[in-house]
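S.K.: Data file data_6.txt (compact mmCIF, C-alpha atoms) is appended below.
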# COMPACT_ATOMS: atom_id res chain seq x y z
CA MET A 616 -6.09 -17.94 -43.08
CA PRO A 617 -2.44 -19.04 -43.10
CA VAL A 618 -1.49 -21.63 -40.48
CA VAL A 619 1.31 -19.38 -39.14
CA VAL A 620 -1.14 -16.56 -38.44
CA VAL A 621 -3.54 -18.94 -36.67
CA GLU A 622 -0.73 -20.24 -34.44
CA GLN A 623 0.38 -16.70 -33.64
CA GLU A 624 -3.16 -15.75 -32.62
CA LYS A 625 -3.42 -18.84 -30.42
CA GLU A 626 -0.15 -17.99 -28.72
CA ALA A 627 -1.23 -14.37 -28.23
CA ARG A 628 -4.52 -15.49 -26.62
CA LYS A 629 -2.61 -17.92 -24.40
CA GLN A 630 -0.26 -15.18 -23.21
CA GLU A 631 -3.18 -12.82 -22.64
CA SER A 632 -4.94 -15.49 -20.58
CA LYS A 633 -1.82 -15.98 -18.43
CA VAL A 634 -1.63 -12.23 -17.76
CA VAL A 635 -5.33 -12.12 -16.80
CA MET A 636 -4.93 -15.08 -14.43
CA LYS A 637 -1.80 -13.59 -12.88
CA ASN A 638 -3.56 -10.27 -12.25
CA LEU A 639 -6.57 -12.09 -10.82
CA GLN A 640 -4.33 -14.03 -8.42
CA LYS A 641 -2.70 -10.81 -7.25
CA ARG A 642 -6.09 -9.27 -6.52
CA THR A 643 -7.25 -12.30 -4.54
CA GLU A 644 -4.05 -12.74 -2.49
CA ILE A 645 -4.55 -12.05 1.20
CA LYS A 646 -2.33 -9.65 3.07
CA LEU A 647 -0.43 -11.47 5.81
CA THR A 648 -0.12 -9.61 9.09
CA THR A 649 2.47 -10.14 11.82
CA PRO A 650 0.16 -12.51 13.77
CA ASP A 651 -0.42 -14.51 10.57
CA LEU A 652 3.31 -14.90 9.93
CA VAL A 653 4.08 -15.82 13.53
CA LEU A 654 1.35 -18.50 13.48
CA LEU A 655 2.59 -19.88 10.16
CA SER A 656 6.10 -20.18 11.59
CA LEU A 657 4.92 -21.74 14.85
CA LEU A 658 2.74 -24.33 13.13
CA THR A 659 5.62 -25.28 10.85
CA GLU A 660 7.41 -26.59 13.95
CA ARG A 661 4.56 -28.96 14.87
CA PRO A 662 0.74 -29.10 14.68
CA MET A 663 -1.09 -27.25 17.47
CA HIS A 664 -4.61 -26.21 18.34
CA GLY A 665 -5.42 -22.63 19.30
CA TYR A 666 -4.94 -23.00 23.03
CA GLN A 667 -1.57 -24.70 22.58
CA ALA A 668 -0.44 -21.98 20.17
CA ASN A 669 -1.39 -19.26 22.64
CA THR A 670 0.34 -21.05 25.50
CA GLU A 671 3.53 -21.54 23.50
CA LEU A 672 3.58 -17.90 22.36
CA GLU A 673 3.15 -16.75 25.95
CA ARG A 674 5.98 -19.06 27.04
CA ARG A 675 8.19 -17.43 24.40
CA GLU A 676 7.11 -13.99 25.63
CA ILE A 677 5.81 -13.10 22.19
CA ARG A 678 4.71 -9.61 23.19
CA ASP A 679 8.34 -8.60 23.66
CA TRP A 680 8.94 -8.84 19.94
CA ALA A 681 5.56 -8.94 18.16
CA GLY A 682 2.20 -7.37 18.91
CA ILE A 683 -0.13 -10.36 19.09
CA SER A 684 -3.11 -10.78 21.40
CA ARG A 685 -4.96 -13.98 22.26
CA PRO A 686 -8.00 -13.06 20.08
CA GLN A 687 -5.66 -12.31 17.16
CA VAL A 688 -4.30 -15.86 17.33
CA TYR A 689 -7.76 -17.36 16.81
CA TYR A 690 -8.61 -14.84 14.09
CA SER A 691 -5.36 -15.68 12.25
CA LEU A 692 -6.02 -19.41 12.50
CA GLU A 693 -9.41 -18.99 10.82
CA LYS A 694 -8.00 -16.62 8.19
CA LEU A 695 -5.04 -18.88 7.34
CA ALA A 696 -7.30 -21.95 7.15
CA ARG A 697 -9.65 -20.19 4.71
CA ALA A 698 -6.68 -19.29 2.53
CA ALA A 699 -5.40 -22.91 2.63
CA LEU A 700 -2.13 -21.77 4.22
CA ILE A 701 -2.78 -24.13 7.14
CA ARG A 702 -4.92 -27.24 7.36
CA SER A 703 -6.91 -28.79 10.17
CA LEU A 704 -5.97 -32.16 11.60
CA GLU A 705 -8.60 -33.96 13.65
CA THR A 706 -7.12 -35.31 16.85
CA ASP A 707 -8.22 -37.28 19.90
CA GLU A 708 -5.93 -35.22 22.13
CA PRO A 709 -8.03 -33.33 24.71
CA ALA A 710 -7.77 -29.57 24.35
CA SER A 711 -7.71 -27.15 27.28
CA GLY A 712 -10.38 -25.01 25.62
CA PRO A 713 -13.13 -25.32 23.01
CA GLU A 714 -10.68 -26.31 20.24
CA ARG A 715 -10.73 -29.91 19.03
CA SER A 716 -8.65 -29.54 15.85
CA SER A 717 -4.94 -29.05 15.50
CA PHE A 718 -3.49 -27.11 12.58
CA GLU A 719 -0.35 -27.53 10.54
CA THR A 720 1.22 -25.32 7.87
CA THR A 721 0.68 -26.40 4.26
CA ALA A 722 3.26 -26.19 1.49
CA LYS A 723 1.40 -23.13 0.23
CA GLY A 724 1.64 -21.60 3.70
CA ARG A 725 5.38 -22.27 3.98
CA ALA A 726 5.91 -20.68 0.57
CA ALA A 727 3.84 -17.63 1.57
CA LEU A 728 5.89 -17.25 4.75
CA ALA A 729 9.17 -17.56 2.83
CA ASP A 730 7.97 -14.94 0.33
CA ALA A 731 6.99 -12.56 3.13
CA LEU A 732 10.41 -12.90 4.77
CA GLU A 733 12.05 -11.59 1.58
CA ASN A 734 10.26 -8.24 1.88
CA ASP A 735 12.76 -5.41 2.36
CA GLU A 736 10.42 -3.64 4.83
CA TRP A 737 11.74 -5.96 7.54
CA THR A 738 15.16 -4.30 7.30
CA THR A 739 14.29 -0.71 6.37
CA GLN A 740 11.94 0.36 9.19
CA ARG A 741 12.65 2.33 12.36
CA ASP A 742 10.77 2.09 15.62
CA ARG A 743 9.04 5.14 17.09
CA PRO A 744 9.17 4.38 20.82
CA PRO A 745 6.95 6.54 23.06
CA PHE A 746 9.93 7.44 25.26
CA LEU A 747 11.68 9.05 22.29
CA THR A 748 8.54 11.12 21.61
CA TRP A 749 8.47 12.13 25.27
CA ILE A 750 12.10 13.31 25.07
CA ALA A 751 11.23 15.54 22.12
CA LEU A 752 8.34 17.14 24.04
CA SER A 753 9.91 17.12 27.51
CA TRP A 754 11.02 20.78 27.42
CA GLN A 755 7.35 21.64 28.08
CA ALA A 756 7.22 19.57 31.28
CA ARG A 757 6.91 21.16 34.73
CA PRO A 758 10.05 21.67 36.85
CA GLY A 759 11.41 18.44 38.27
CA VAL A 760 9.42 16.18 35.95
CA PHE A 761 12.30 15.57 33.55
CA ARG A 762 14.55 14.11 36.26
CA GLU A 763 11.66 12.10 37.72
CA GLN A 764 10.77 10.57 34.36
CA ILE A 765 14.39 9.74 33.55
CA ARG A 766 14.65 7.87 36.83
CA ARG A 767 11.39 6.05 36.14
CA ARG A 768 12.85 5.01 32.82
CA GLN A 769 15.99 3.74 34.52
CA LYS A 770 13.91 1.70 36.95
CA PHE A 771 11.98 0.22 34.04
CA LEU A 772 15.20 -0.58 32.15
CA ASP A 773 16.65 -2.28 35.24
CA HIS A 774 13.57 -4.49 35.50
CA GLU A 775 13.56 -5.34 31.78
CA LEU A 776 17.28 -6.11 31.79
CA ALA A 777 16.88 -8.56 34.66
CA ARG A 778 13.93 -10.20 32.92
CA GLU A 779 15.67 -10.51 29.55
CA LYS A 780 18.83 -11.93 31.12
CA GLU A 781 16.69 -14.53 32.87
CA THR A 782 15.00 -15.28 29.55
CA LEU A 783 18.36 -15.65 27.82
CA ALA A 784 19.55 -18.12 30.44
CA SER A 785 16.35 -20.13 29.96
CA ILE A 786 16.75 -20.13 26.16
CA LEU A 787 20.38 -21.25 26.36
CA LYS A 788 19.34 -24.10 28.62
CA GLU A 789 16.59 -25.12 26.19
CA VAL A 790 18.50 -24.90 22.88
CA GLY A 791 21.86 -26.01 24.29
CA HIS A 792 24.06 -23.65 22.25
CA PRO A 793 24.49 -19.89 21.60
CA HIS A 794 24.04 -20.02 17.81
CA HIS A 795 20.24 -19.83 17.66
CA GLU A 796 17.91 -17.06 16.46
CA ALA A 797 16.23 -16.79 19.88
CA VAL A 798 19.63 -16.28 21.54
CA TRP A 799 20.63 -13.64 19.01
CA MET A 800 17.28 -11.86 19.33
CA VAL A 801 17.29 -11.65 23.14
CA SER A 802 21.00 -10.73 23.15
CA LEU A 803 20.18 -7.79 20.87
CA MET A 804 17.39 -6.65 23.20
CA ILE A 805 19.76 -6.85 26.16
CA GLN A 806 22.40 -4.77 24.36
CA GLN A 807 19.79 -2.18 23.38
CA LEU A 808 18.57 -1.92 26.97
CA GLU A 809 22.12 -1.61 28.29
CA THR A 810 22.92 1.10 25.73
CA GLU A 811 19.85 3.08 26.69
CA MET A 812 20.67 2.71 30.38
CA ARG A 813 24.12 4.20 29.81
CA TRP A 814 22.51 6.99 27.79
CA THR A 815 20.03 7.86 30.59
CA LYS A 816 22.92 8.03 33.08
CA ARG A 817 24.69 10.52 30.82
CA VAL A 818 21.53 12.61 30.37
CA GLU A 819 21.01 12.63 34.13
CA ARG A 820 24.53 14.02 34.62
CA GLU A 821 24.09 16.65 31.90
CA MET A 822 20.50 17.78 32.55
CA LYS A 823 21.65 20.89 34.49
CA LYS A 824 23.37 22.10 31.32
CA ARG A 825 20.19 21.92 29.29
CA ARG A 826 19.65 25.02 27.14
CA ARG A 827 17.41 26.27 24.36
CA ALA A 828 18.63 26.17 20.76
CA LYS A 829 20.99 29.06 19.95
CA HIS A 830 20.11 29.30 16.27
CA PRO A 831 16.54 28.08 15.77
CA GLU A 832 15.19 28.03 12.23
CA TYR A 833 11.52 27.80 11.37
CA ALA A 834 9.71 26.99 8.14
CA GLY A 835 8.71 30.14 6.32
CA THR A 836 11.17 32.39 8.17
CA GLU A 837 12.79 34.84 5.79
CA ARG A 838 16.55 34.95 5.82
CA GLY A 839 18.48 38.16 5.43
What is this file in structure tokens?
M.R.:
Amino acid sequence: MPVVVVEQEKEARKQESKVVMKNLQKRTEIKLTTPDLVLLSLLTERPMHGYQANTELERREIRDWAGISRPQVYYSLEKLARAALIRSLETDEPASGPERSSFETTAKGRAALADALENDEWTTQRDRPPFLTWIALSWQARPGVFREQIRRRQKFLDHELAREKETLASILKEVGHPHHEAVWMVSLMIQQLETEMRWTKRVEREMKKRRRAKHPEYAGTERG
């Protein structure tokens, strides 16, 4: 067999092997959830054990911007360690719980986090807040309930605004300048709350003018 043909066959087998390995890697890659990504980011700052991670996430009021429970933190730590995205560091530091190992993010973990942050789903999703669903269904409520619920919402917004402003002041004191992602994030939440508060005030003024649709159209309705 000519040497050129042999070399071509070797190259073809090599390319085929690369494709097989690439496909195998894709099948074995784990899907990173929000708790996984938050833990990867937190442990990039400094090594922590599970109790410390939970305490720090609570201090940062994590549940305001990501749905993570205490059990999820421990589950994510185990999952990330199995995938070699974080590694355990034995430490003599006493833990406030059963944990005796701190974890830090590996280079593989930092790369996985960076890859995940390039996903366009972060910027192309819309929230579906329960209050918006309630507004859509509120025409079925009993008399007086609409006004009562709007005022409950305003009371809630007042409370959240006060809390977020207090949080912002605390963040500014900690980071020492306004050009930080935590400042931008909380500032956005404050603006959203203030916008909704103004909106509820307008709805409250206009609720007496509420009417049914003048020209409703339904699927399957024949048009003349």
S.K.: When you count all atoms listed in the file, which of these residues is closest to A:Ile765: A:Leu657, A:Ala699, A:Ile750, A:Ala828?
M.R.: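 Of A:Leu657, A:Ala699, A:Ile750, A:Ala828, the one nearest A:Ile765 is A:Ile750, counting all atoms listed in the file.
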S.K.: Which distance in Å separates atom CA of A:Leu655 and atom CA of A:Gln740, to one decimal?
M.R.: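 Result for atom CA of A:Leu655 versus atom CA of A:Gln740: 22.3 Å, one decimal.
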S.K.: Show me, as a list in words, the residues that have an atom within 12 Å of A:Ala731 when counting only C-alpha atoms, minus same-chain residues fewer than 4 positions from it.
M.R.: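 Result of the neighbour search: Ile645, Lys646, Leu647, Thr648, Thr649, Asp651, Leu652, Val653, Leu655, Ser656, Gly724, Arg725, Ala726, Ala727, Asp735, Glu736 and Trp737 of chain A.
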S.K.: Store the residues picked out above in a file with C-alpha atoms, as a PDB file, keeping the file's coordinate frame.
M.R.:
ATOM      1  CA  ILE A 645      -4.550 -12.050   1.200  1.00  0.00           C
ATOM      2  CA  LYS A 646      -2.330  -9.650   3.070  1.00  0.00           C
ATOM      3  CA  LEU A 647      -0.430 -11.470   5.810  1.00  0.00           C
ATOM      4  CA  THR A 648      -0.120  -9.610   9.090  1.00  0.00           C
ATOM      5  CA  THR A 649       2.470 -10.140  11.820  1.00  0.00           C
ATOM      6  CA  ASP A 651      -0.420 -14.510  10.570  1.00  0.00           C
ATOM      7  CA  LEU A 652       3.310 -14.900   9.930  1.00  0.00           C
ATOM      8  CA  VAL A 653       4.080 -15.820  13.530  1.00  0.00           C
ATOM      9  CA  LEU A 655       2.590 -19.880  10.160  1.00  0.00           C
ATOM     10  CA  SER A 656       6.100 -20.180  11.590  1.00  0.00           C
ATOM     11  CA  GLY A 724       1.640 -21.600   3.700  1.00  0.00           C
ATOM     12  CA  ARG A 725       5.380 -22.270   3.980  1.00  0.00           C
ATOM     13  CA  ALA A 726       5.910 -20.680   0.570  1.00  0.00           C
ATOM     14  CA  ALA A 727       3.840 -17.630   1.570  1.00  0.00           C
ATOM     15  CA  ASP A 735      12.760  -5.410   2.360  1.00  0.00           C
ATOM     16  CA  GLU A 736      10.420  -3.640   4.830  1.00  0.00           C
ATOM     17  CA  TRP A 737      11.740  -5.960   7.540  1.00  0.00           C
TER      18      TRP A 737
END
S.K.: Would you mind reading off the distance between atom CA of A:Gln769 and atom CA of A:Val801, one decimal, in Å?
M.R.: 19.2 Å
S.K.: Under the rule that all atoms listed in the file are counted, which of A:Met663, A:Leu728, A:Met822, A:Met800 is the nearest residue to A:Ser716?
M.R.: A:Met663
